[in-house]
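This is query_33.cif. It holds mmCIF, C-alpha atoms and all ligand atoms.
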```cif
data_model
#
loop_
_atom_site.group_PDB
_atom_site.id
_atom_site.type_symbol
_atom_site.label_atom_id
_atom_site.label_comp_id
_atom_site.auth_asym_id
_atom_site.auth_seq_id
_atom_site.Cartn_x
_atom_site.Cartn_y
_atom_site.Cartn_z
ATOM 1 C CA MET A 1 5.507 43.501 15.045
ATOM 2 C CA LYS A 2 4.172 39.964 15.667
ATOM 3 C CA HIS A 3 6.202 36.944 16.728
ATOM 4 C CA ASN A 4 8.164 35.350 13.898
ATOM 5 C CA ASN A 5 6.497 31.962 14.268
ATOM 6 C CA ILE A 6 3.107 33.622 13.735
ATOM 7 C CA LEU A 7 4.297 35.489 10.654
ATOM 8 C CA ASN A 8 5.941 32.337 9.302
ATOM 9 C CA SER A 9 2.634 30.519 9.656
ATOM 10 C CA LEU A 10 -0.075 33.034 8.781
ATOM 11 C CA GLY A 11 -0.202 34.808 5.446
ATOM 12 C CA PRO A 12 -1.437 38.423 5.338
ATOM 13 C CA CYS A 13 -4.862 36.983 4.409
ATOM 14 C CA GLY A 14 -4.788 35.051 7.707
ATOM 15 C CA LEU A 15 -4.807 31.543 6.241
ATOM 16 C CA ASN A 16 -2.458 29.158 8.010
ATOM 17 C CA CYS A 17 0.334 28.196 5.578
ATOM 18 C CA SER A 18 1.886 25.840 8.133
ATOM 19 C CA LYS A 19 -1.191 23.588 7.846
ATOM 20 C CA CYS A 20 -1.351 23.748 4.038
ATOM 21 C CA PHE A 21 -0.672 20.502 2.183
ATOM 22 C CA ALA A 22 1.864 22.359 0.014
ATOM 23 C CA PHE A 23 3.961 23.679 2.926
ATOM 24 C CA LYS A 24 7.522 22.325 2.934
ATOM 25 C CA ASN A 25 7.808 22.032 6.724
ATOM 26 C CA GLY A 26 4.174 21.227 7.416
ATOM 27 C CA ALA A 27 2.687 18.230 9.222
ATOM 28 C CA ILE A 28 0.962 16.951 6.065
ATOM 29 C CA LYS A 29 4.291 16.647 4.239
ATOM 30 C CA GLN A 30 6.142 15.208 7.248
ATOM 31 C CA LEU A 31 3.443 12.630 8.014
ATOM 32 C CA SER A 32 3.210 11.666 4.334
ATOM 33 C CA LEU A 33 6.955 11.028 4.259
ATOM 34 C CA GLU A 34 6.656 8.962 7.420
ATOM 35 C CA LEU A 35 3.757 6.960 6.014
ATOM 36 C CA LYS A 36 5.671 6.333 2.764
ATOM 37 C CA GLU A 37 8.652 5.088 4.721
ATOM 38 C CA ASN A 38 6.485 2.774 6.807
ATOM 39 C CA LEU A 39 4.682 1.395 3.756
ATOM 40 C CA GLY A 40 8.001 0.309 2.201
ATOM 41 C CA ASN A 41 7.286 -1.964 -0.775
ATOM 42 C CA PHE A 42 3.562 -2.154 -0.174
ATOM 43 C CA ASP A 43 2.920 -1.988 -3.955
ATOM 44 C CA ILE A 44 3.771 -5.658 -4.294
ATOM 45 C CA TYR A 45 1.545 -6.600 -1.381
ATOM 46 C CA ALA A 46 -1.331 -4.443 -2.577
ATOM 47 C CA LYS A 47 -1.426 -6.546 -5.762
ATOM 48 C CA ARG A 48 -1.243 -9.785 -3.775
ATOM 49 C CA PHE A 49 -3.923 -8.690 -1.315
ATOM 50 C CA VAL A 50 -6.431 -8.217 -4.133
ATOM 51 C CA GLU A 51 -6.258 -11.967 -4.729
ATOM 52 C CA LEU A 52 -5.212 -13.343 -1.352
ATOM 53 C CA LEU A 53 -7.690 -11.375 0.724
ATOM 54 C CA ASP A 54 -10.195 -10.720 -2.051
ATOM 55 C CA GLU A 55 -9.971 -7.060 -1.013
ATOM 56 C CA LEU A 56 -10.708 -4.942 -4.108
ATOM 57 C CA ILE A 57 -9.844 -1.780 -2.180
ATOM 58 C CA PHE A 58 -6.148 -2.554 -2.772
ATOM 59 C CA LYS A 59 -6.698 -2.058 -6.511
ATOM 60 C CA LYS A 60 -6.797 1.643 -5.673
ATOM 61 C CA TYR A 61 -3.403 1.610 -3.969
ATOM 62 C CA SER A 62 -1.566 3.206 -6.912
ATOM 63 C CA ASP A 63 -3.950 6.203 -6.864
ATOM 64 C CA PHE A 64 -3.427 6.546 -3.129
ATOM 65 C CA LYS A 65 0.337 6.345 -3.599
ATOM 66 C CA GLU A 66 0.240 9.057 -6.261
ATOM 67 C CA ILE A 67 -1.382 11.449 -3.803
ATOM 68 C CA LEU A 68 0.987 10.402 -1.026
ATOM 69 C CA ASN A 69 3.955 11.094 -3.330
ATOM 70 C CA HIS A 70 2.485 14.461 -4.172
ATOM 71 C CA PHE A 71 2.074 15.403 -0.501
ATOM 72 C CA SER A 72 5.632 14.187 0.181
ATOM 73 C CA ASN A 73 7.254 16.310 -2.524
ATOM 74 C CA VAL A 74 5.768 19.749 -1.871
ATOM 75 C CA GLU A 75 8.206 22.643 -1.478
ATOM 76 C CA CYS A 76 6.360 25.853 -0.597
ATOM 77 C CA ASN A 77 7.992 28.083 2.040
ATOM 78 C CA GLY A 78 4.759 29.886 2.870
ATOM 79 C CA CYS A 79 3.172 33.063 1.600
ATOM 80 C CA ARG A 80 5.610 35.531 3.145
ATOM 81 C CA LYS A 81 8.688 33.827 1.671
ATOM 82 C CA ASP A 82 7.412 32.217 -1.497
ATOM 83 C CA GLU A 83 4.821 32.575 -4.236
ATOM 84 C CA CYS A 84 1.573 30.793 -3.416
ATOM 85 C CA LYS A 85 1.037 27.606 -5.428
ATOM 86 C CA LEU A 86 -2.705 27.481 -4.797
ATOM 87 C CA PHE A 87 -4.316 30.898 -5.116
ATOM 88 C CA LEU A 88 -2.818 32.265 -8.294
ATOM 89 C CA SER A 89 -5.254 35.173 -8.448
ATOM 90 C CA CYS A 90 -4.489 36.335 -4.889
ATOM 91 C CA LYS A 91 -3.453 39.986 -4.693
ATOM 92 C CA VAL A 92 -3.181 40.190 -0.910
ATOM 93 C CA LYS A 93 0.475 39.279 -0.537
ATOM 94 C CA HIS A 94 1.763 42.144 -2.700
ATOM 95 C CA CYS A 95 -1.003 44.559 -1.798
ATOM 96 C CA SER A 96 -0.320 44.191 1.935
ATOM 97 C CA LYS A 97 3.335 45.058 1.270
ATOM 98 C CA ASP A 98 2.299 48.163 -0.665
ATOM 99 C CA GLN A 99 -0.010 49.122 2.197
ATOM 100 C CA THR A 100 2.730 48.312 4.750
ATOM 101 C CA VAL A 101 0.481 46.087 6.844
ATOM 102 C CA GLU A 102 1.117 42.559 8.095
ATOM 103 C CA PHE A 103 -2.572 41.590 7.915
ATOM 104 C CA CYS A 104 -5.467 43.009 5.929
ATOM 105 C CA PHE A 105 -7.514 44.055 8.977
ATOM 106 C CA GLU A 106 -4.743 46.566 9.778
ATOM 107 C CA CYS A 107 -5.247 48.257 6.410
ATOM 108 C CA SER A 108 -7.317 51.452 6.170
ATOM 109 C CA GLU A 109 -9.070 50.003 3.094
ATOM 110 C CA PHE A 110 -10.255 46.812 4.797
ATOM 111 C CA PRO A 111 -12.636 45.270 3.782
ATOM 112 C CA CYS A 112 -11.777 45.954 0.155
ATOM 113 C CA SER A 113 -12.450 44.302 -3.192
ATOM 114 C CA LYS A 114 -8.805 44.162 -4.261
ATOM 115 C CA HIS A 115 -8.047 40.717 -2.803
ATOM 116 C CA GLY A 116 -8.612 38.714 -6.003
ATOM 117 C CA PHE A 117 -10.386 35.866 -4.165
ATOM 118 C CA ASP A 118 -13.380 33.868 -5.316
ATOM 119 C CA GLU A 119 -16.602 34.043 -3.290
ATOM 120 C CA HIS A 120 -15.694 31.143 -0.997
ATOM 121 C CA LEU A 121 -12.254 32.464 -0.137
ATOM 122 C CA GLU A 122 -13.507 35.999 0.271
ATOM 123 C CA LYS A 123 -15.934 34.791 2.976
ATOM 124 C CA ARG A 124 -13.130 32.962 4.770
ATOM 125 C CA TRP A 125 -10.783 35.973 4.497
ATOM 126 C CA LEU A 126 -13.450 38.298 5.898
ATOM 127 C CA SER A 127 -14.248 36.011 8.792
ATOM 128 C CA ILE A 128 -10.554 35.449 9.707
ATOM 129 C CA GLN A 129 -9.654 39.131 9.498
ATOM 130 C CA THR A 130 -12.720 40.204 11.487
ATOM 131 C CA LYS A 131 -11.827 37.721 14.202
ATOM 132 C CA MET A 132 -8.191 38.876 14.242
ATOM 133 C CA ARG A 133 -9.318 42.453 14.637
ATOM 134 C CA LYS A 134 -11.545 41.419 17.549
ATOM 135 C CA ILE A 135 -9.217 39.141 19.552
ATOM 136 C CA GLY A 136 -5.797 40.117 18.207
ATOM 137 C CA VAL A 137 -3.396 38.191 15.968
ATOM 138 C CA GLU A 138 -1.879 36.229 18.833
ATOM 139 C CA GLY A 139 -5.292 35.290 20.243
ATOM 140 C CA TYR A 140 -6.420 34.144 16.799
ATOM 141 C CA TYR A 141 -3.249 32.172 16.199
ATOM 142 C CA ASN A 142 -3.524 30.395 19.572
ATOM 143 C CA GLU A 143 -7.103 29.419 18.724
ATOM 144 C CA ILE A 144 -6.301 27.858 15.357
ATOM 145 C CA LYS A 145 -2.669 26.757 15.460
ATOM 146 C CA ASN A 146 -3.478 23.110 16.237
ATOM 147 C CA LEU A 147 -6.575 22.845 14.056
ATOM 148 C CA PRO A 148 -6.580 21.385 10.547
ATOM 149 C CA ARG A 149 -6.806 23.975 7.830
ATOM 150 C CA TYR A 150 -9.317 22.012 5.790
HETATM 151 S S1 LIG B 1 1.735 30.196 0.177
HETATM 152 FE FE1 LIG B 1 -0.023 29.115 -0.669
HETATM 153 S S2 LIG B 1 0.762 27.113 -1.318
HETATM 154 FE FE2 LIG B 1 2.290 28.043 0.020
HETATM 155 S S3 LIG B 1 1.841 27.186 2.036
HETATM 156 FE FE3 LIG B 1 0.755 29.147 1.885
HETATM 157 S S4 LIG B 1 -1.295 28.643 1.124
HETATM 158 FE FE4 LIG B 1 0.027 26.851 0.761
HETATM 159 S S1 LIG B 2 -6.240 46.936 0.109
HETATM 160 FE FE1 LIG B 2 -7.387 45.072 0.607
HETATM 161 S S2 LIG B 2 -6.087 43.352 -0.056
HETATM 162 FE FE2 LIG B 2 -4.802 45.176 0.085
HETATM 163 S S3 LIG B 2 -3.938 45.067 2.166
HETATM 164 FE FE3 LIG B 2 -5.751 46.398 2.234
HETATM 165 S S4 LIG B 2 -7.420 45.000 2.845
HETATM 166 FE FE4 LIG B 2 -5.687 43.703 2.130
#
```
Could you render the structure as structure tokens?
Ligand code: SF4
Ligand code: SF4
Amino acid sequence: MKHNNILNSLGPCGLNCSKCFAFKNGAIKQLSLELKENLGNFDIYAKRFVELLDELIFKKYSDFKEILNHFSNVECNGCRKDECKLFLSCKVKHCSKDQTVEFCFECSEFPCSKHGFDEHLEKRWLSIQTKMRKIGVEGYYNEIKNLPRY
């Protein structure tokens, strides 16, 4: 059994939920909330800055704010506690339960074709799981825990 903080962060596919933009307690959400708070009523100033500073970039502020609001309102609890909001075709979460493994590399069928991933994600899954098998889950987690997911 791995440490809880590892299992709360890494899904059975090995992707790091804690660095996902949709993760409720993730840095992307927390920093977006902080940025929103610090921007206050910047909407008004963004409009003024287009004229005052002749900075057309501020015309795009509402688009930026829409994304910031989106990042600030996400609510996913991670793959092991919630349903994934991103990879709707993923079969790994339920399959790994059926196979009674915490990660795919521990499964006797690995590497399989049951994952439900597209080509890009399949490559990433294979590379993560192969690395985990080589250096262990804890070693893998320590290598990536402070890196961006994207
Ligand atoms: S389960 Fe899916 S949406 Fe939720 S944090 Fe993990 S990768 Fe992101
Ligand atoms: S069958 Fe495939 S998707 Fe399911 S747990 Fe095993 S390796 Fe993972």
For this session: Please evaluate the PyMOL selection byres (((not hetatm)) within 8 of (chain B and resi 2)) against the structure above and give the resulting residues as a ChimeraX atom specification.
Result: /A:12-13,91-101,103-116
With only C-alpha atoms and all ligand atoms counted and 12 Å as the cut-off, give the residues of chain A in contact with ligand LIG 1 (chain B), each with its shortest interatomic distance in Å and the pair that gives it, as a tab-separated table.
```
residue	atom	partner	partner_atom	distance
A:Leu7	CA	B:LIG1	FE3	11.4
A:Asn8	CA	B:LIG1	FE3	9.6
A:Ser9	CA	B:LIG1	FE3	8.1
A:Leu10	CA	B:LIG1	FE3	8.0
A:Gly11	CA	B:LIG1	FE3	6.8
A:Pro12	CA	B:LIG1	FE3	10.1
A:Cys13	CA	B:LIG1	S4	9.6
A:Gly14	CA	B:LIG1	S4	9.8
A:Leu15	CA	B:LIG1	S4	6.9
A:Asn16	CA	B:LIG1	FE3	6.9
A:Cys17	CA	B:LIG1	FE3	3.8
A:Ser18	CA	B:LIG1	S3	6.2
A:Lys19	CA	B:LIG1	S3	7.5
A:Cys20	CA	B:LIG1	FE4	4.7
A:Phe21	CA	B:LIG1	FE4	6.5
A:Ala22	CA	B:LIG1	FE4	4.9
A:Phe23	CA	B:LIG1	S3	4.2
A:Lys24	CA	B:LIG1	S3	7.5
A:Asn25	CA	B:LIG1	S3	9.2
A:Gly26	CA	B:LIG1	S3	8.4
A:Ala27	CA	B:LIG1	S3	11.5
A:Ile28	CA	B:LIG1	S3	11.0
A:Lys29	CA	B:LIG1	S3	11.0
A:Phe71	CA	B:LIG1	FE4	11.7
A:Val74	CA	B:LIG1	S2	8.9
A:Glu75	CA	B:LIG1	FE2	8.1
A:Cys76	CA	B:LIG1	FE2	4.7
A:Asn77	CA	B:LIG1	FE2	6.0
A:Gly78	CA	B:LIG1	S1	4.1
A:Cys79	CA	B:LIG1	S1	3.5
A:Arg80	CA	B:LIG1	S1	7.2
A:Lys81	CA	B:LIG1	S1	8.0
A:Asp82	CA	B:LIG1	S1	6.3
A:Glu83	CA	B:LIG1	S1	5.9
A:Cys84	CA	B:LIG1	FE1	3.6
A:Lys85	CA	B:LIG1	S2	4.1
A:Leu86	CA	B:LIG1	S2	4.9
A:Phe87	CA	B:LIG1	FE1	6.4
A:Leu88	CA	B:LIG1	FE1	8.7
A:Ser89	CA	B:LIG1	FE1	11.2
A:Cys90	CA	B:LIG1	FE1	9.5
A:Val92	CA	B:LIG1	S1	11.2
A:Lys93	CA	B:LIG1	S1	9.2
A:Leu121	CA	B:LIG1	S4	11.7
A:Arg149	CA	B:LIG1	S4	9.9
A:Tyr150	CA	B:LIG1	S4	11.4
```
For this session: Write out as a PyMOL selection string each polymer residue whose atoms come within 7 Å of range 58-67 of chain A, counting all atoms listed in the file; drop sequence neighbours fewer than 5 positions from it.
Result: chain A and resi 46-47+49-50
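Here CA of Ile6 in chain A is placed at a distance of 10.8 Å from CA of Glu102 in chain A.
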Seminar exercise, completed: note - CA of Ser72 in chain A and CA of Gly40 in chain A are separated by 14.2 Å
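For the pair CA of Asp118 in chain A and CA of Met132 in chain A, the separation is 20.8 Å.
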Exercise. Contacts of Tyr140 in chain A at 10 Å or less, counting all atoms listed in the file, minus same-chain residues fewer than 5 places along, as a ChimeraX atom specification?
Worked result: /A:14,128-129,131-135,145
